[in-house]
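Worksheet: one structure, shown below.
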Amino acid sequence: METDSLLFSFFLIFTGAALVSTLALFFRQPLLVAYICIGIILGPHGLNYISDPTLLTDIAEFGIIFLLFLLGLDMQPKKLMATLRKTFLVTLASSTLFVLLGYSTGLLFSYSPVESAVIGFSLIFSSTIIGIKLLPTTVLHQKHMGELMVGILLLQDFIAIFLLAFLDAGNLEQSTALRVLLAFPLLLIFAYLATQHILVKLIARFDHFKEYIFLLAIGWCLGMAELASAIGLSAEIGAFVAGVALATSPIALYIADRLKPLRDFFLVLFFFSLGAQFNISLFGEIIAPALVLAALALTVKPVVFRYLLRRFSEKNRLAWDAGLRLGQISEFSLLIAFVATQSGVISEIASLTIQGAAIITFLVSSYIVVMFCPTPIASNPKLRRD
C-alpha cells in the first residue's frame, strides 16, 4: 500500500482520531483536542506518517465553509435581534478589554503590532463546543443560561466573520477595508435576490425530492463561497452569507440537519491539519507567551463576564456559571490563526502561540466546567444535570 495515498492518509486520520477520541472522552475533554493531538503525532513534525498535509489542508477548508454555512442557517432575523438586545453591551465591553489585554501581551513578548492585534482579537472568542455542548438540556437551567450563552457567542461569531474578511485579504490596509465594505453589501443583496426569486421557488416546487434539496444546498453554499472569493472576500464569508439568506426558508432546519455529518467529517480534517502543522521544534519559543495568554483567558475572562453580567441584573450564581463556561479561547481563534498565517499577516511563531494557548485553555477549561458547573458529565453527582 502507498503510504502517501489519500486512502491511507484517511485511514490514519480517522482511525487514529477514533482511538484518541476514546481517551479524550474518558478524561472529559472536547473531541477537537483529540483531532489536533493526532495531527501532531502523525504529522511531519511528529512521526511523519503524513509528510505533506497540504492536500488535506485544502480539503479541510471545506469543513470551515460548511461550518459557517450552518451558522448562517441558524441566524433567524427575529432570533438575531433578540440576542443582540440582550448581550450587545456585554459582548462589546468584554471584547474591547480582551483585545487590549491580548495586544499588550503580544507587545510584551516582542510580536509586531499587527501580530499583537491578531493575538488580541483571538482572545475575544469563547469556545462554542465547551460553552454549549456542556450545558444541561433541562429546560429550567438551560433556558435563560442558554439564551445568554448563545447571545454572547453569536455576537462573537459576527466579530470573527468580519475579522476573517479582512485577514483573508492578506493585509489590513485602508484599501482592503474599503473593498470589503463595498463588496460585502453587494454580496448580501445578490444573496437575498437569488434566494427570494430562485432558491425559494425551487425548494417549494421540489421539496419532496430530499436528495435534490441536499444537492441544491451544497451547490448554493459552494457557489456563494466561490463568488465571494472572486470579488475579494473569503470563501468562508460567502458560505456564511449563503446560510443567512436561506435562514428564513421553512426547510432551513432540514438542510442544517442533513449537512452536519458532512461538516463534521471535514472539521476532523481541519483540526487534524492544524495539529499536523504544529511545529513542536518551535515549542520552546512559544511556550511562555502561550502559557501567559492561556492563564489570562482562564482567569480574567470568567471574572470579566461575571462582573458585566452582574451589572446587567443577572444573579451572582448565574453570572459566575456563565463566566466559567466562557473562560477559554475558541476554535474560532484557531481558524483566525490559520487564515492569518495563510494570508501572510502573521508569522508561524505567532500562529503557534495562539494555537498553543487555545489548546491549553480547552484542556483546563473543560475540567473547570465539569468540576464546578452543572453539566451532563459533572464530576460532582450533585451538579450532574441531563
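Order determines the names: the first chain of the C-alpha cells is A, the second B, and so forth; residues in each chain are numbered 1 upward, and ligands are numbered 1 upward as they are shown.
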
Give me, as a tab-separated table (two decimals) with N, CA and C atoms, in the first residue's frame, all polymer residues having an atom no more than 7 Å from segment 41-54 of chain A, counting only C-alpha atoms and skipping those fewer than 5 positions away in the same chain.
chain	number	residue	atom	x	y	z
A	4	ASP	N	1.66	7.31	1.04
A	4	ASP	CA	1.29	8.70	0.81
A	4	ASP	C	-0.04	8.83	0.06
A	9	SER	N	-3.97	7.94	4.08
A	9	SER	CA	-3.99	9.11	4.97
A	9	SER	C	-5.30	9.19	5.73
A	273	SER	N	-5.31	18.89	10.41
A	273	SER	CA	-4.31	19.65	9.65
A	273	SER	C	-3.67	20.73	10.50
A	276	ALA	N	-1.15	18.90	12.48
A	276	ALA	CA	-0.04	18.46	11.64
A	276	ALA	C	0.93	19.61	11.32
A	279	ASN	N	4.46	22.94	14.67
A	279	ASN	CA	5.89	22.62	14.67
A	279	ASN	C	6.40	22.52	16.10
A	280	ILE	N	6.48	21.30	16.62
A	280	ILE	CA	6.85	21.13	18.02
A	280	ILE	C	8.31	21.51	18.28

Open item on the list: Please compute the atom CA of Leu262 of chain A-atom CA of Ala242 of chain A distance, one decimal, in Å.
Closed with: 16.8 Å

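In terms of minimum interatomic distance to Gln196 of chain A, A:Ala247 ranks closest within A:Ala247, A:Leu222, A:Leu269, A:Leu182, counting only C-alpha atoms.
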
Nearby residues (only C-alpha atoms) at most 10 Å from Phe265 of chain A, same-chain spacing under 4 positions excluded, as a compact mmCIF listing (two decimals) with N, CA and C atoms, in the first residue's frame:
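Saved the output as result_8.txt:
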# COMPACT_ATOMS: atom_id res chain seq x y z
N PHE A 14 -8.64 9.02 10.57
CA PHE A 14 -9.92 8.72 11.23
C PHE A 14 -9.80 7.56 12.22
N ALA A 60 -9.61 20.23 4.05
CA ALA A 60 -10.15 20.58 5.36
C ALA A 60 -10.88 21.92 5.36
N PHE A 62 -13.07 22.89 3.49
CA PHE A 62 -14.50 22.68 3.28
C PHE A 62 -15.24 22.61 4.61
N GLY A 63 -14.58 22.08 5.63
CA GLY A 63 -15.21 21.99 6.94
C GLY A 63 -15.58 23.35 7.48
N LYS A 260 -24.86 18.47 8.74
CA LYS A 260 -23.99 18.37 9.92
C LYS A 260 -22.98 17.23 9.83
N PRO A 261 -23.37 16.01 9.39
CA PRO A 261 -22.35 14.95 9.27
C PRO A 261 -21.25 15.30 8.28
N LEU A 269 -10.79 16.78 9.60
CA LEU A 269 -9.62 17.04 8.76
C LEU A 269 -9.01 18.41 9.06
N PHE A 270 -9.87 19.40 9.31
CA PHE A 270 -9.37 20.75 9.59
C PHE A 270 -8.52 20.76 10.87

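Atom CA of Ser234 of chain A to atom CA of Ile189 of chain A spans 16.8 Å [interatomic distance, one decimal].
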
Open item on the list: For a quick check of understanding, using only C-alpha atoms, which of A:Val118, A:Ile124, A:Val20, A:Ile368 has the smallest distance to Val345 of chain A?
Closed with: A:Val118

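For Ser333 of chain A, the list of residues within 10 Å, based on only C-alpha atoms and with local chain neighbours fewer than 6 positions off taken out, reads Val118, Ile119, Phe121, Ser122, Leu123, Ile124, Phe125, Ser126, Ser127, Ala160, Val339, Ser351, Ile354, Gln355, Ala357 and Ala358 of chain A.
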
Open item on the list: For Gly223 of chain A, find every residue with an atom within 12 Å (counting only C-alpha atoms), except residues of its own chain fewer than 3 positions away, and show them as an MDAnalysis selection string.
Closed with: chainID A and resid 65 69 187 191 194 215:220 226:230 235:243
